[in-house]
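**Student:** This is the content of upload_32.csv (CSV, C-alpha atoms):
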```
chain,number,residue,atom,x,y,z
L,1,MET,CA,87.3,59.5,107.1
L,2,GLU,CA,90.8,60.5,106.0
L,3,SER,CA,92.4,61.0,109.4
L,4,ALA,CA,92.1,59.6,112.9
L,5,ILE,CA,90.1,61.6,115.4
L,6,GLN,CA,92.0,64.0,117.6
L,7,LEU,CA,90.3,64.2,120.9
L,8,SER,CA,92.4,66.7,122.8
L,9,CYS,CA,93.4,70.2,121.6
L,10,PHE,CA,96.7,69.7,123.6
L,11,ASP,CA,97.8,67.0,121.2
L,12,CYS,CA,97.0,69.0,118.1
L,13,SER,CA,100.2,69.9,116.2
L,14,LEU,CA,98.4,72.6,114.1
L,15,ARG,CA,97.4,74.6,117.1
L,16,PRO,CA,100.1,77.3,117.1
L,17,ALA,CA,99.3,78.3,113.5
L,18,ARG,CA,95.6,79.0,114.2
L,19,VAL,CA,94.1,82.3,115.5
L,20,PHE,CA,91.7,80.9,118.0
L,21,CYS,CA,93.4,77.6,119.0
L,22,ASP,CA,96.7,79.0,120.2
L,23,LEU,CA,95.3,79.7,123.7
L,24,PRO,CA,97.1,79.8,127.1
L,25,ALA,CA,97.1,76.3,128.8
L,26,ASP,CA,94.2,77.2,131.3
L,27,ALA,CA,91.9,78.5,128.5
L,28,LEU,CA,92.8,75.5,126.3
L,29,GLU,CA,92.0,73.1,129.1
L,30,ALA,CA,88.6,74.8,129.7
L,31,PHE,CA,87.9,74.7,126.0
L,32,ASP,CA,88.8,71.0,125.8
L,33,ALA,CA,86.3,70.3,128.6
L,34,ILE,CA,83.3,71.9,126.9
L,35,LYS,CA,83.8,70.8,123.3
L,36,THR,CA,82.6,67.6,121.7
L,37,ILE,CA,84.4,66.2,118.7
L,38,ALA,CA,82.7,64.6,115.7
L,39,LEU,CA,83.7,63.4,112.2
L,40,TYR,CA,81.4,64.7,109.6
L,41,PRO,CA,81.2,63.4,106.0
L,42,ARG,CA,81.3,65.7,103.0
L,43,GLY,CA,77.8,67.1,102.4
L,44,THR,CA,76.8,67.4,106.0
L,45,THR,CA,74.9,70.6,106.9
L,46,LEU,CA,76.3,71.9,110.2
L,47,PHE,CA,73.6,74.5,110.6
L,48,ASN,CA,70.9,76.2,108.6
L,49,GLU,CA,70.4,79.9,108.0
L,50,GLY,CA,67.5,81.2,110.1
L,51,ARG,CA,67.7,78.5,112.8
L,52,PRO,CA,68.4,79.5,116.4
L,53,ALA,CA,72.1,79.4,117.2
L,54,ARG,CA,72.7,76.4,119.3
L,55,GLY,CA,76.5,76.7,119.4
L,56,VAL,CA,79.7,77.2,117.5
L,57,PHE,CA,81.6,74.7,115.2
L,58,MET,CA,85.4,74.8,115.0
L,59,LEU,CA,86.7,73.3,111.8
L,60,CYS,CA,89.7,71.2,112.9
L,61,ASP,CA,90.4,70.2,109.3
L,62,GLY,CA,88.6,70.3,105.9
L,63,ARG,CA,86.4,73.1,104.4
L,64,ALA,CA,82.9,74.2,104.7
L,65,LYS,CA,80.7,76.3,102.3
L,66,LEU,CA,78.8,79.2,103.8
L,67,THR,CA,75.8,80.3,101.8
L,68,VAL,CA,72.9,82.7,102.1
L,69,CYS,CA,69.5,82.0,100.7
L,70,SER,CA,66.6,84.1,99.3
L,71,GLY,CA,63.0,83.5,100.1
L,72,ASN,CA,62.5,81.6,96.8
L,73,GLY,CA,65.3,79.2,97.5
L,74,ARG,CA,68.1,80.9,95.4
L,75,ARG,CA,71.5,80.4,97.0
L,76,LEU,CA,74.6,82.5,97.0
L,77,THR,CA,78.0,81.4,98.4
L,78,LEU,CA,79.4,83.9,100.9
L,79,ARG,CA,82.7,82.1,101.2
L,80,ILE,CA,84.5,78.9,101.8
L,81,ALA,CA,85.7,78.5,105.3
L,82,GLY,CA,89.0,76.6,106.0
L,83,PRO,CA,90.7,74.7,108.9
L,84,GLY,CA,90.9,76.7,112.1
L,85,GLU,CA,87.8,78.8,111.5
L,86,MET,CA,85.0,78.9,113.9
L,87,LEU,CA,81.5,78.8,112.3
L,88,GLY,CA,78.3,80.2,113.8
L,89,LEU,CA,80.3,82.5,116.1
L,90,SER,CA,78.5,85.8,115.5
L,91,ALA,CA,75.1,84.2,115.9
L,92,ALA,CA,76.1,82.4,119.1
L,93,VAL,CA,77.6,85.6,120.5
L,94,SER,CA,74.6,87.8,119.7
L,95,GLY,CA,71.9,85.2,120.3
L,96,THR,CA,70.4,85.8,116.8
L,97,PRO,CA,69.6,83.0,114.3
L,98,TYR,CA,72.4,81.7,112.1
L,99,GLU,CA,73.0,84.2,109.3
L,100,VAL,CA,74.3,81.6,106.9
L,101,THR,CA,74.0,77.8,106.1
L,102,ALA,CA,77.2,75.8,106.6
L,103,GLU,CA,77.8,72.7,104.6
L,104,MET,CA,80.9,70.5,104.8
L,105,LEU,CA,82.9,70.2,101.5
L,106,ASP,CA,85.2,67.5,102.9
L,107,ASN,CA,85.1,64.7,105.4
L,108,SER,CA,86.3,66.6,108.4
L,109,GLN,CA,86.8,66.7,112.2
L,110,VAL,CA,84.7,69.4,113.8
L,111,ALA,CA,84.6,70.5,117.5
L,112,PHE,CA,81.2,71.7,118.7
L,113,VAL,CA,80.6,73.9,121.7
L,114,ARG,CA,77.1,74.7,123.0
L,115,ARG,CA,76.2,78.4,123.0
L,116,LYS,CA,75.8,78.6,126.7
L,117,ASP,CA,79.1,77.0,127.4
L,118,MET,CA,80.9,79.2,124.8
L,119,LEU,CA,79.5,82.4,126.3
L,120,HIS,CA,80.5,81.2,129.8
L,121,PHE,CA,84.0,80.3,128.5
L,122,LEU,CA,84.4,83.7,126.8
L,123,ARG,CA,83.4,85.6,129.9
L,124,GLY,CA,85.9,83.6,132.0
L,125,HIS,CA,88.9,83.7,129.6
L,126,ARG,CA,89.9,87.1,128.4
L,127,ASP,CA,92.5,85.8,126.0
L,128,ALA,CA,89.9,83.6,124.2
L,129,CYS,CA,87.5,86.5,124.0
L,130,LEU,CA,90.2,88.6,122.4
L,131,GLN,CA,90.8,85.8,119.8
L,132,VAL,CA,87.1,85.7,119.1
L,133,VAL,CA,87.1,89.5,118.5
L,134,HIS,CA,90.0,88.9,116.0
L,135,LEU,CA,88.0,86.1,114.3
L,136,LEU,CA,84.9,88.2,114.1
L,137,SER,CA,86.9,91.1,112.6
L,138,GLN,CA,88.3,88.8,109.9
L,139,ASP,CA,84.8,87.5,109.2
L,140,LEU,CA,83.5,91.0,108.9
L,141,HIS,CA,86.3,92.0,106.5
L,142,THR,CA,85.5,89.1,104.3
L,143,ALA,CA,81.8,89.9,104.3
L,144,TYR,CA,82.4,93.5,103.4
L,145,ASP,CA,84.6,92.3,100.5
L,146,ARG,CA,81.7,90.2,99.3
L,147,VAL,CA,79.3,93.1,99.6
L,148,ARG,CA,81.8,95.2,97.5
L,149,ALA,CA,82.1,92.5,94.9
L,150,ILE,CA,78.4,91.9,94.5
L,151,GLY,CA,77.0,95.4,95.2
L,152,LEU,CA,79.4,97.5,93.2
L,153,VAL,CA,80.2,95.2,90.3
L,154,ARG,CA,76.5,94.1,89.9
L,155,THR,CA,75.2,97.6,89.4
L,156,ARG,CA,77.7,98.4,86.6
L,157,HIS,CA,78.3,95.1,84.8
L,158,PRO,CA,75.7,92.5,85.5
L,159,ALA,CA,77.7,89.8,83.6
L,160,ALA,CA,80.8,90.5,85.6
L,161,ALA,CA,78.8,90.3,88.8
L,162,LYS,CA,77.5,86.9,88.0
L,163,GLU,CA,81.1,85.7,87.6
L,164,ALA,CA,81.9,87.2,91.0
L,165,ILE,CA,79.0,85.2,92.5
H,1,MET,CA,78.7,122.7,127.6
H,2,LEU,CA,77.2,123.7,124.2
H,3,SER,CA,79.1,123.0,121.0
H,4,PRO,CA,79.0,125.1,117.8
H,5,TYR,CA,76.6,122.7,116.2
H,6,GLY,CA,73.9,123.0,118.8
H,7,LEU,CA,74.8,119.7,120.4
H,8,GLU,CA,74.9,119.3,124.1
H,9,ILE,CA,78.2,117.5,124.6
H,10,VAL,CA,78.4,114.8,127.2
H,11,GLU,CA,82.0,115.2,128.4
H,12,SER,CA,82.1,112.1,130.7
H,13,CYS,CA,80.8,108.6,130.1
H,14,LEU,CA,80.4,108.2,133.8
H,15,THR,CA,77.6,110.7,133.9
H,16,CYS,CA,76.0,109.9,130.5
H,17,LYS,CA,72.3,109.1,131.0
H,18,LEU,CA,72.1,107.1,127.8
H,19,ARG,CA,74.8,104.7,128.8
H,20,ALA,CA,72.5,102.0,130.2
H,21,GLU,CA,70.7,101.5,126.9
H,22,ARG,CA,73.8,101.0,124.8
H,23,ILE,CA,75.5,97.7,124.3
H,24,PHE,CA,79.1,98.9,124.3
H,25,CYS,CA,78.7,101.8,126.8
H,26,ASP,CA,77.1,99.9,129.6
H,27,LEU,CA,80.4,98.8,131.1
H,28,PRO,CA,81.4,98.0,134.7
H,29,ASN,CA,82.8,101.0,136.6
H,30,SER,CA,86.4,100.0,136.4
H,31,ALA,CA,86.3,99.5,132.6
H,32,LEU,CA,84.3,102.7,132.2
H,33,GLN,CA,86.8,104.7,134.2
H,34,ALA,CA,89.6,103.2,132.0
H,35,PHE,CA,87.7,104.1,128.9
H,36,GLU,CA,87.1,107.6,130.2
H,37,ASN,CA,90.9,108.1,130.4
H,38,ILE,CA,91.6,107.1,126.8
H,39,LYS,CA,88.7,108.7,124.9
H,40,TYR,CA,88.5,112.1,123.3
H,41,ALA,CA,85.1,113.6,123.1
H,42,THR,CA,84.6,115.5,119.9
H,43,ALA,CA,81.8,117.2,118.0
H,44,TYR,CA,81.4,117.2,114.2
H,45,PRO,CA,79.1,119.1,111.9
H,46,LYS,CA,76.9,117.3,109.3
H,47,GLY,CA,78.9,116.1,106.3
H,48,ALA,CA,82.2,115.5,108.2
H,49,VAL,CA,84.2,112.4,107.2
H,50,LEU,CA,85.4,110.4,110.2
H,51,PHE,CA,87.4,108.0,108.2
H,52,VAL,CA,87.8,106.8,104.6
H,53,GLU,CA,87.8,103.3,103.2
H,54,GLY,CA,91.4,102.1,102.6
H,55,GLN,CA,92.9,104.4,105.2
H,56,SER,CA,95.1,102.9,107.9
H,57,PRO,CA,93.1,102.4,111.1
H,58,ARG,CA,94.0,105.1,113.6
H,59,GLY,CA,91.3,104.1,116.1
H,60,ILE,CA,87.6,103.6,116.9
H,61,PHE,CA,84.8,106.2,117.0
H,62,VAL,CA,82.0,105.7,119.5
H,63,LEU,CA,78.9,107.4,118.1
H,64,CYS,CA,77.3,109.2,121.1
H,65,LYS,CA,74.8,111.4,119.2
H,66,GLY,CA,73.7,111.8,115.6
H,67,ARG,CA,73.8,109.4,112.7
H,68,VAL,CA,76.6,108.4,110.4
H,69,LYS,CA,76.4,107.1,106.8
H,70,MET,CA,78.6,104.0,106.3
H,71,SER,CA,79.5,103.4,102.6
H,72,ILE,CA,81.8,101.6,100.3
H,73,CYS,CA,83.1,103.0,97.0
H,74,SER,CA,84.2,101.5,93.7
H,75,THR,CA,87.3,102.8,91.9
H,76,ASP,CA,85.1,104.8,89.5
H,77,GLY,CA,83.4,106.6,92.4
H,78,LYS,CA,80.2,104.6,92.6
H,79,THR,CA,78.9,104.5,96.2
H,80,LEU,CA,77.0,101.9,98.1
H,81,ILE,CA,75.6,102.8,101.5
H,82,LEU,CA,75.8,99.8,103.8
H,83,LYS,CA,74.0,101.3,106.7
H,84,ILE,CA,73.1,104.3,108.7
H,85,ALA,CA,74.9,104.0,112.1
H,86,GLU,CA,72.8,105.1,115.1
H,87,PRO,CA,74.0,106.4,118.5
H,88,GLY,CA,75.7,103.7,120.6
H,89,GLU,CA,77.5,102.1,117.7
H,90,VAL,CA,81.3,101.7,117.6
H,91,LEU,CA,82.7,102.6,114.2
H,92,GLY,CA,85.9,101.4,112.6
H,93,LEU,CA,86.0,98.5,115.0
H,94,SER,CA,87.1,95.5,112.9
H,95,ALA,CA,89.8,97.5,111.1
H,96,THR,CA,91.1,98.8,114.5
H,97,VAL,CA,91.2,95.3,115.9
H,98,SER,CA,92.7,93.6,112.9
H,99,GLY,CA,95.1,96.4,111.8
H,100,LYS,CA,93.8,96.2,108.2
H,101,PRO,CA,92.6,99.4,106.5
H,102,TYR,CA,89.1,100.7,107.2
H,103,GLU,CA,86.7,98.8,105.0
H,104,LEU,CA,84.1,101.6,104.9
H,105,THR,CA,83.8,105.4,104.7
H,106,ALA,CA,82.0,107.0,107.6
H,107,GLU,CA,80.4,110.4,107.0
H,108,THR,CA,78.1,112.2,109.5
H,109,ILE,CA,74.6,113.0,108.3
H,110,ASP,CA,73.7,115.0,111.4
H,111,PRO,CA,75.8,117.1,113.8
H,112,CYS,CA,77.4,114.3,115.9
H,113,GLN,CA,79.2,113.7,119.2
H,114,VAL,CA,81.8,111.1,118.8
H,115,ASN,CA,84.2,109.7,121.3
H,116,PHE,CA,87.5,108.8,119.6
H,117,VAL,CA,90.0,106.2,121.0
H,118,LYS,CA,93.4,105.7,119.5
H,119,ARG,CA,94.1,102.2,118.2
H,120,GLU,CA,97.0,101.3,120.6
H,121,ASP,CA,95.0,102.6,123.6
H,122,PHE,CA,91.9,100.6,122.5
H,123,LEU,CA,93.8,97.3,122.0
H,124,ARG,CA,95.4,97.7,125.4
H,125,PHE,CA,92.0,98.5,126.9
H,126,LEU,CA,90.5,95.3,125.4
H,127,LYS,CA,93.3,93.2,126.7
H,128,GLU,CA,92.8,94.5,130.2
H,129,HIS,CA,89.0,94.5,130.3
H,130,GLY,CA,87.3,91.2,129.6
H,131,ASP,CA,83.8,92.8,129.8
H,132,ALA,CA,84.6,95.4,127.2
H,133,CYS,CA,86.1,92.7,125.0
H,134,PHE,CA,82.9,90.7,125.2
H,135,ARG,CA,80.8,93.8,124.2
H,136,VAL,CA,83.1,94.4,121.2
H,137,ALA,CA,82.5,90.7,120.2
H,138,GLU,CA,78.7,91.5,120.4
H,139,GLN,CA,79.1,94.6,118.3
H,140,LEU,CA,81.1,92.8,115.7
H,141,SER,CA,78.5,90.0,115.6
H,142,GLU,CA,75.8,92.5,114.9
H,143,LYS,CA,77.8,94.1,112.1
H,144,TYR,CA,78.5,90.7,110.6
H,145,ASN,CA,74.8,89.9,110.7
H,146,ASN,CA,74.1,93.2,108.9
H,147,ALA,CA,76.8,92.5,106.3
H,148,CYS,CA,75.3,89.1,105.6
H,149,HIS,CA,71.9,90.7,105.2
H,150,GLU,CA,73.4,93.1,102.7
H,151,VAL,CA,75.0,90.3,100.7
H,152,ARG,CA,71.6,88.5,100.6
H,153,SER,CA,69.7,91.6,99.6
H,154,LEU,CA,72.2,92.7,96.9
H,155,GLY,CA,73.0,89.3,95.6
H,156,LEU,CA,69.7,87.5,95.6
H,157,SER,CA,67.1,90.2,94.9
H,158,HIS,CA,65.7,90.1,91.4
H,159,SER,CA,65.0,93.7,90.9
H,160,ALA,CA,65.4,97.2,92.2
H,161,ALA,CA,61.7,97.2,93.1
H,162,GLU,CA,62.2,94.1,95.3
H,163,LYS,CA,65.1,95.8,97.1
H,164,LEU,CA,63.3,99.0,97.6
H,165,ALA,CA,60.2,97.2,99.0
H,166,LYS,CA,62.5,95.2,101.4
H,167,LEU,CA,64.2,98.4,102.5
H,168,LEU,CA,60.9,100.2,103.2
H,169,LEU,CA,59.6,97.2,105.1
H,170,GLU,CA,62.8,97.0,107.2
H,171,TRP,CA,62.6,100.7,108.1
H,172,SER,CA,58.9,100.5,108.9
H,173,SER,CA,59.6,97.6,111.3
H,174,ARG,CA,61.5,99.9,113.5
H,175,ASN,CA,60.3,102.5,116.0
H,176,GLY,CA,57.3,100.4,117.2
H,177,GLU,CA,55.6,100.5,113.8
H,178,ALA,CA,56.1,96.8,113.0
H,179,MET,CA,52.7,95.6,114.1
H,180,LYS,CA,50.7,98.4,112.6
H,181,GLN,CA,48.6,97.7,109.6
H,182,GLU,CA,49.6,101.0,108.0
H,183,PRO,CA,53.0,101.8,109.4
H,184,ARG,CA,54.7,105.1,108.7
H,185,LEU,CA,58.3,106.0,108.5
H,186,LYS,CA,60.5,109.1,108.3
H,187,LEU,CA,62.5,109.2,105.1
H,188,ALA,CA,65.7,110.7,106.3
H,189,LEU,CA,67.6,110.0,103.1
H,190,THR,CA,67.4,111.5,99.6
H,191,HIS,CA,66.4,109.4,96.6
H,192,GLU,CA,70.1,109.5,95.6
H,193,GLU,CA,71.1,108.0,99.0
H,194,ILE,CA,68.3,105.4,98.9
H,195,ALA,CA,69.6,104.5,95.4
H,196,GLN,CA,73.1,104.0,97.0
H,197,MET,CA,71.6,101.8,99.6
H,198,ILE,CA,70.1,99.3,97.1
H,199,GLY,CA,72.7,99.6,94.4
H,200,THR,CA,70.6,101.3,91.7
H,201,SER,CA,70.3,104.8,90.1
H,202,ARG,CA,68.5,107.8,91.5
H,203,GLU,CA,66.2,107.9,88.5
H,204,THR,CA,65.1,104.3,89.2
H,205,VAL,CA,64.3,105.1,92.9
H,206,THR,CA,62.3,108.2,91.8
H,207,ARG,CA,60.4,106.2,89.2
H,208,LEU,CA,59.7,103.4,91.7
H,209,PHE,CA,58.3,105.8,94.3
H,210,ALA,CA,56.1,107.3,91.7
H,211,GLU,CA,54.8,103.8,90.8
H,212,LEU,CA,54.2,102.9,94.5
H,213,LYS,CA,52.2,106.2,95.0
H,214,LYS,CA,50.2,105.6,91.8
H,215,ARG,CA,49.3,102.1,93.0
H,216,GLN,CA,48.4,103.6,96.4
H,217,ILE,CA,50.9,101.3,98.1
H,218,VAL,CA,52.6,104.3,99.8
H,219,GLN,CA,51.6,107.9,100.4
H,220,SER,CA,54.0,110.7,101.3
H,221,LYS,CA,53.4,113.8,103.4
H,222,GLY,CA,56.6,115.9,103.5
H,223,SER,CA,59.4,113.5,104.6
H,224,THR,CA,56.9,111.1,106.2
H,225,LEU,CA,56.0,108.0,104.2
H,226,PHE,CA,52.8,106.1,105.0
H,227,ILE,CA,52.6,102.5,103.9
H,228,ARG,CA,49.0,102.1,102.8
H,229,ASN,CA,49.2,98.6,101.5
H,230,LYS,CA,51.6,96.5,103.5
H,231,GLY,CA,50.5,93.3,101.8
H,232,ALA,CA,51.3,94.6,98.3
H,233,LEU,CA,54.7,95.8,99.5
H,234,ARG,CA,55.5,92.4,101.1
H,235,GLN,CA,54.5,90.8,97.8
H,236,MET,CA,56.9,93.0,96.0
H,237,ALA,CA,59.6,92.1,98.5
H,238,GLY,CA,59.0,88.4,97.9
H,239,ALA,CA,58.2,87.9,101.6
```
Please, can you express the file's structure as structure tokens?

**Tutor:**
Amino acid sequence: MESAIQLSCFDCSLRPARVFCDLPADALEAFDAIKTIALYPRGTTLFNEGRPARGVFMLCDGRAKLTVCSGNGRRLTLRIAGPGEMLGLSAAVSGTPYEVTAEMLDNSQVAFVRRKDMLHFLRGHRDACLQVVHLLSQDLHTAYDRVRAIGLVRTRHPAAAKEAI
Amino acid sequence: MLSPYGLEIVESCLTCKLRAERIFCDLPNSALQAFENIKYATAYPKGAVLFVEGQSPRGIFVLCKGRVKMSICSTDGKTLILKIAEPGEVLGLSATVSGKPYELTAETIDPCQVNFVKREDFLRFLKEHGDACFRVAEQLSEKYNNACHEVRSLGLSHSAAEKLAKLLLEWSSRNGEAMKQEPRLKLALTHEEIAQMIGTSRETVTRLFAELKKRQIVQSKGSTLFIRNKGALRQMAGA
């Protein structure tokens, strides 16, 4: 691993620059108490599309590739997630299976929070819930951009669409 | 009170009988009262445009009655329908939260009752009411799920036939028809609109329906479509 593990969010110097992480002290303390930190090597699959959502994964550093898959195994990259992003959030909030597969592209530190703990945390901390609403809005904007790139380019110029994919 | 479009307008959320069934609307009393103070109940005829893709977000639209077509458009005017929003959905949500332009265009396909809330009022409401904030997170999650499904369908389907088969199976799985051997569904959209949902031409959709009927996979009676051979349709969908 490239960097030493950072156990507490309070010691993280990158926190103010990140949408979710920049929480008030009480919320941060509560989040610190429910998260578990792990270092994952490049190539690790954090979760698989279609599997029940067991929790959320906060990328402390590094990148992860988010893909969707067809029934016959063909794969399409939805986007590359970067540091500060929370993965598996929509599935954890709605209680539906993960919509995508997340695979680490770098050796990275990841904070994991179980679904039950995350929901309890969000209900108890309005600021954190508001940050989650912002994160989900951003995710949705990106997903719509992808729909536009694939759906509208593909129907007119198949070759250009392949490039977009 | 009756509106010009034959809609019975529910003026107050506090007395709405449908509230309990809807994710966003079923709020605790304090939040509901606050929402009541910031919303404007409005009625729209069929074909009204609530907001246009690229426009600055002025607020959210809670769909109380009727259905709304949500679409995106290319610069040359080609349209792709992402979904048909049903009563209970909150439209324009992510743009209103993020302050970025609306990503989609919303157009009513029935006479609709819509409760509009101005952006600044809605953001303040979310900050003050944790329950409402959580419901918004749930709605956004559902929309994200739908967008991923759309990416998968558009990007990974081999053919228009596969996409149409998937769409018909998805529609037939609603309204308690999922377990039936020969489910039926109401085709509320034109061939042109179905084409816009799967990113193909109207001519292709008409040809595919003719083929499905010829192979006795589906049968139509008026606007009702009967799926006669679910297995064959599933095979077409690659399921």

**Student:** Given the choices H:Gly222, H:Pro57, H:Gly99, H:Gly231, which gets closest to chain L if the distance is worked out from only C-alpha atoms?

**Tutor:**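 When distances to chain L are compared using only C-alpha atoms, the smallest one comes from H:Gly99.
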
**Student:** Using all atoms listed in the file, I'd like every residue of chain H that has an atom within 8 Å of chain L; please write them out as a VMD selection string.

**Tutor:** chain H and resid 72 to 74 78 to 80 93 to 95 97 to 98 103 126 to 127 129 to 131 133 to 134 136 to 138 140 to 145 147 to 152 154 to 157 199 to 200 238 to 239

**Student:** Write to file, as a PDB file, in the coordinates of the input, the residues of the selection just made, with C-alpha atoms.

**Tutor:**
```pdb
ATOM      1  CA  ILE H  72      81.800 101.600 100.300  1.00  0.00           C
ATOM      2  CA  CYS H  73      83.100 103.000  97.000  1.00  0.00           C
ATOM      3  CA  SER H  74      84.200 101.500  93.700  1.00  0.00           C
ATOM      4  CA  LYS H  78      80.200 104.600  92.600  1.00  0.00           C
ATOM      5  CA  THR H  79      78.900 104.500  96.200  1.00  0.00           C
ATOM      6  CA  LEU H  80      77.000 101.900  98.100  1.00  0.00           C
ATOM      7  CA  LEU H  93      86.000  98.500 115.000  1.00  0.00           C
ATOM      8  CA  SER H  94      87.100  95.500 112.900  1.00  0.00           C
ATOM      9  CA  ALA H  95      89.800  97.500 111.100  1.00  0.00           C
ATOM     10  CA  VAL H  97      91.200  95.300 115.900  1.00  0.00           C
ATOM     11  CA  SER H  98      92.700  93.600 112.900  1.00  0.00           C
ATOM     12  CA  GLU H 103      86.700  98.800 105.000  1.00  0.00           C
ATOM     13  CA  LEU H 126      90.500  95.300 125.400  1.00  0.00           C
ATOM     14  CA  LYS H 127      93.300  93.200 126.700  1.00  0.00           C
ATOM     15  CA  HIS H 129      89.000  94.500 130.300  1.00  0.00           C
ATOM     16  CA  GLY H 130      87.300  91.200 129.600  1.00  0.00           C
ATOM     17  CA  ASP H 131      83.800  92.800 129.800  1.00  0.00           C
ATOM     18  CA  CYS H 133      86.100  92.700 125.000  1.00  0.00           C
ATOM     19  CA  PHE H 134      82.900  90.700 125.200  1.00  0.00           C
ATOM     20  CA  VAL H 136      83.100  94.400 121.200  1.00  0.00           C
ATOM     21  CA  ALA H 137      82.500  90.700 120.200  1.00  0.00           C
ATOM     22  CA  GLU H 138      78.700  91.500 120.400  1.00  0.00           C
ATOM     23  CA  LEU H 140      81.100  92.800 115.700  1.00  0.00           C
ATOM     24  CA  SER H 141      78.500  90.000 115.600  1.00  0.00           C
ATOM     25  CA  GLU H 142      75.800  92.500 114.900  1.00  0.00           C
ATOM     26  CA  LYS H 143      77.800  94.100 112.100  1.00  0.00           C
ATOM     27  CA  TYR H 144      78.500  90.700 110.600  1.00  0.00           C
ATOM     28  CA  ASN H 145      74.800  89.900 110.700  1.00  0.00           C
ATOM     29  CA  ALA H 147      76.800  92.500 106.300  1.00  0.00           C
ATOM     30  CA  CYS H 148      75.300  89.100 105.600  1.00  0.00           C
ATOM     31  CA  HIS H 149      71.900  90.700 105.200  1.00  0.00           C
ATOM     32  CA  GLU H 150      73.400  93.100 102.700  1.00  0.00           C
ATOM     33  CA  VAL H 151      75.000  90.300 100.700  1.00  0.00           C
ATOM     34  CA  ARG H 152      71.600  88.500 100.600  1.00  0.00           C
ATOM     35  CA  LEU H 154      72.200  92.700  96.900  1.00  0.00           C
ATOM     36  CA  GLY H 155      73.000  89.300  95.600  1.00  0.00           C
ATOM     37  CA  LEU H 156      69.700  87.500  95.600  1.00  0.00           C
ATOM     38  CA  SER H 157      67.100  90.200  94.900  1.00  0.00           C
ATOM     39  CA  GLY H 199      72.700  99.600  94.400  1.00  0.00           C
ATOM     40  CA  THR H 200      70.600 101.300  91.700  1.00  0.00           C
ATOM     41  CA  GLY H 238      59.000  88.400  97.900  1.00  0.00           C
ATOM     42  CA  ALA H 239      58.200  87.900 101.600  1.00  0.00           C
TER      43      ALA H 239
END
```

**Student:** For Ala33 (chain L), which residue among L:Met104, L:Leu87, L:Val19, L:Leu7 is the nearest when counting only C-alpha atoms?

**Tutor:**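 Of all the options, L:Leu7 lies closest to Ala33 (chain L).
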
**Student:** Need the shell around Cys21 (chain L): protein/DNA/RNA residues with any atom at most 8 Å away, counting only C-alpha atoms. Skip same-chain ones fewer than 6 positions apart. Format as an MDAnalysis selection string?

**Tutor:** chainID L and resid 9 15 28 84

**Student:** Quick check, in Å to one decimal: how far apart do CA of Phe116 (chain H) and CA of Leu189 (chain H) lie?

**Tutor:** 25.9 Å

**Student:** Mind pulling up the distance from CA of Glu128 (chain H) to CA of Asp32 (chain L)?

**Tutor:**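 If I compute the distance from CA of Asp32 (chain L) to CA of Glu128 (chain H), I get 24.2 Å.
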
**Student:** For Pro45 (chain H), which of H:Thr96, H:Ser159, H:Ser173, H:Gln113 is the closest residue, counting all atoms listed in the file?

**Tutor:**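 Comparing H:Thr96, H:Ser159, H:Ser173, H:Gln113 against Pro45 (chain H), the winner is H:Gln113.
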
**Student:** Smallest atom-to-atom distance to Leu14 (chain L): which of L:Cys60, L:Arg51, L:Ala27, L:Gly43, using only C-alpha atoms?

**Tutor:**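 Closest residue, counting only C-alpha atoms: L:Cys60.
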
**Student:** List every protein, DNA or RNA residue that has an atom no more than 10 Å from (87.9, 77.1, 102.6) in the file's coordinate frame, counting all atoms listed in the file, and report them as a ChimeraX atom specification.

**Tutor:** /L:61-66,79-85,104-106

**Student:** Calculate how many Å separate CA of Gly77 (chain H) from CA of Ala195 (chain H), rounding to one decimal.

**Tutor:**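 Taking CA of Gly77 (chain H) and CA of Ala195 (chain H), their separation equals 14.3 Å.
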
**Student:** Taking (59.4, 100.7, 101.0) in the file's coordinates, which residues come within 10 Å, counting all atoms listed in the file, written as a list in words?

**Tutor:**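 In the file's frame, the residues around the point are Ala161, Glu162, Lys163, Leu164, Ala165, Lys166, Leu167, Leu168, Leu169, Glu170, Trp171, Ser172, Leu185, Leu187, Leu208, Phe209, Leu212, Ile217, Val218, Leu225, Phe226, Ile227, Lys230, Leu233, Arg234, Met236 and Ala237 of chain H.
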
**Student:** With distances taken over all atoms listed in the file, which residue among L:Glu49, L:Ala17, L:Pro41, L:Gly55 lies nearest Asp117 (chain L)?

**Tutor:**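 Smallest distance to Asp117 (chain L) is found for L:Gly55.
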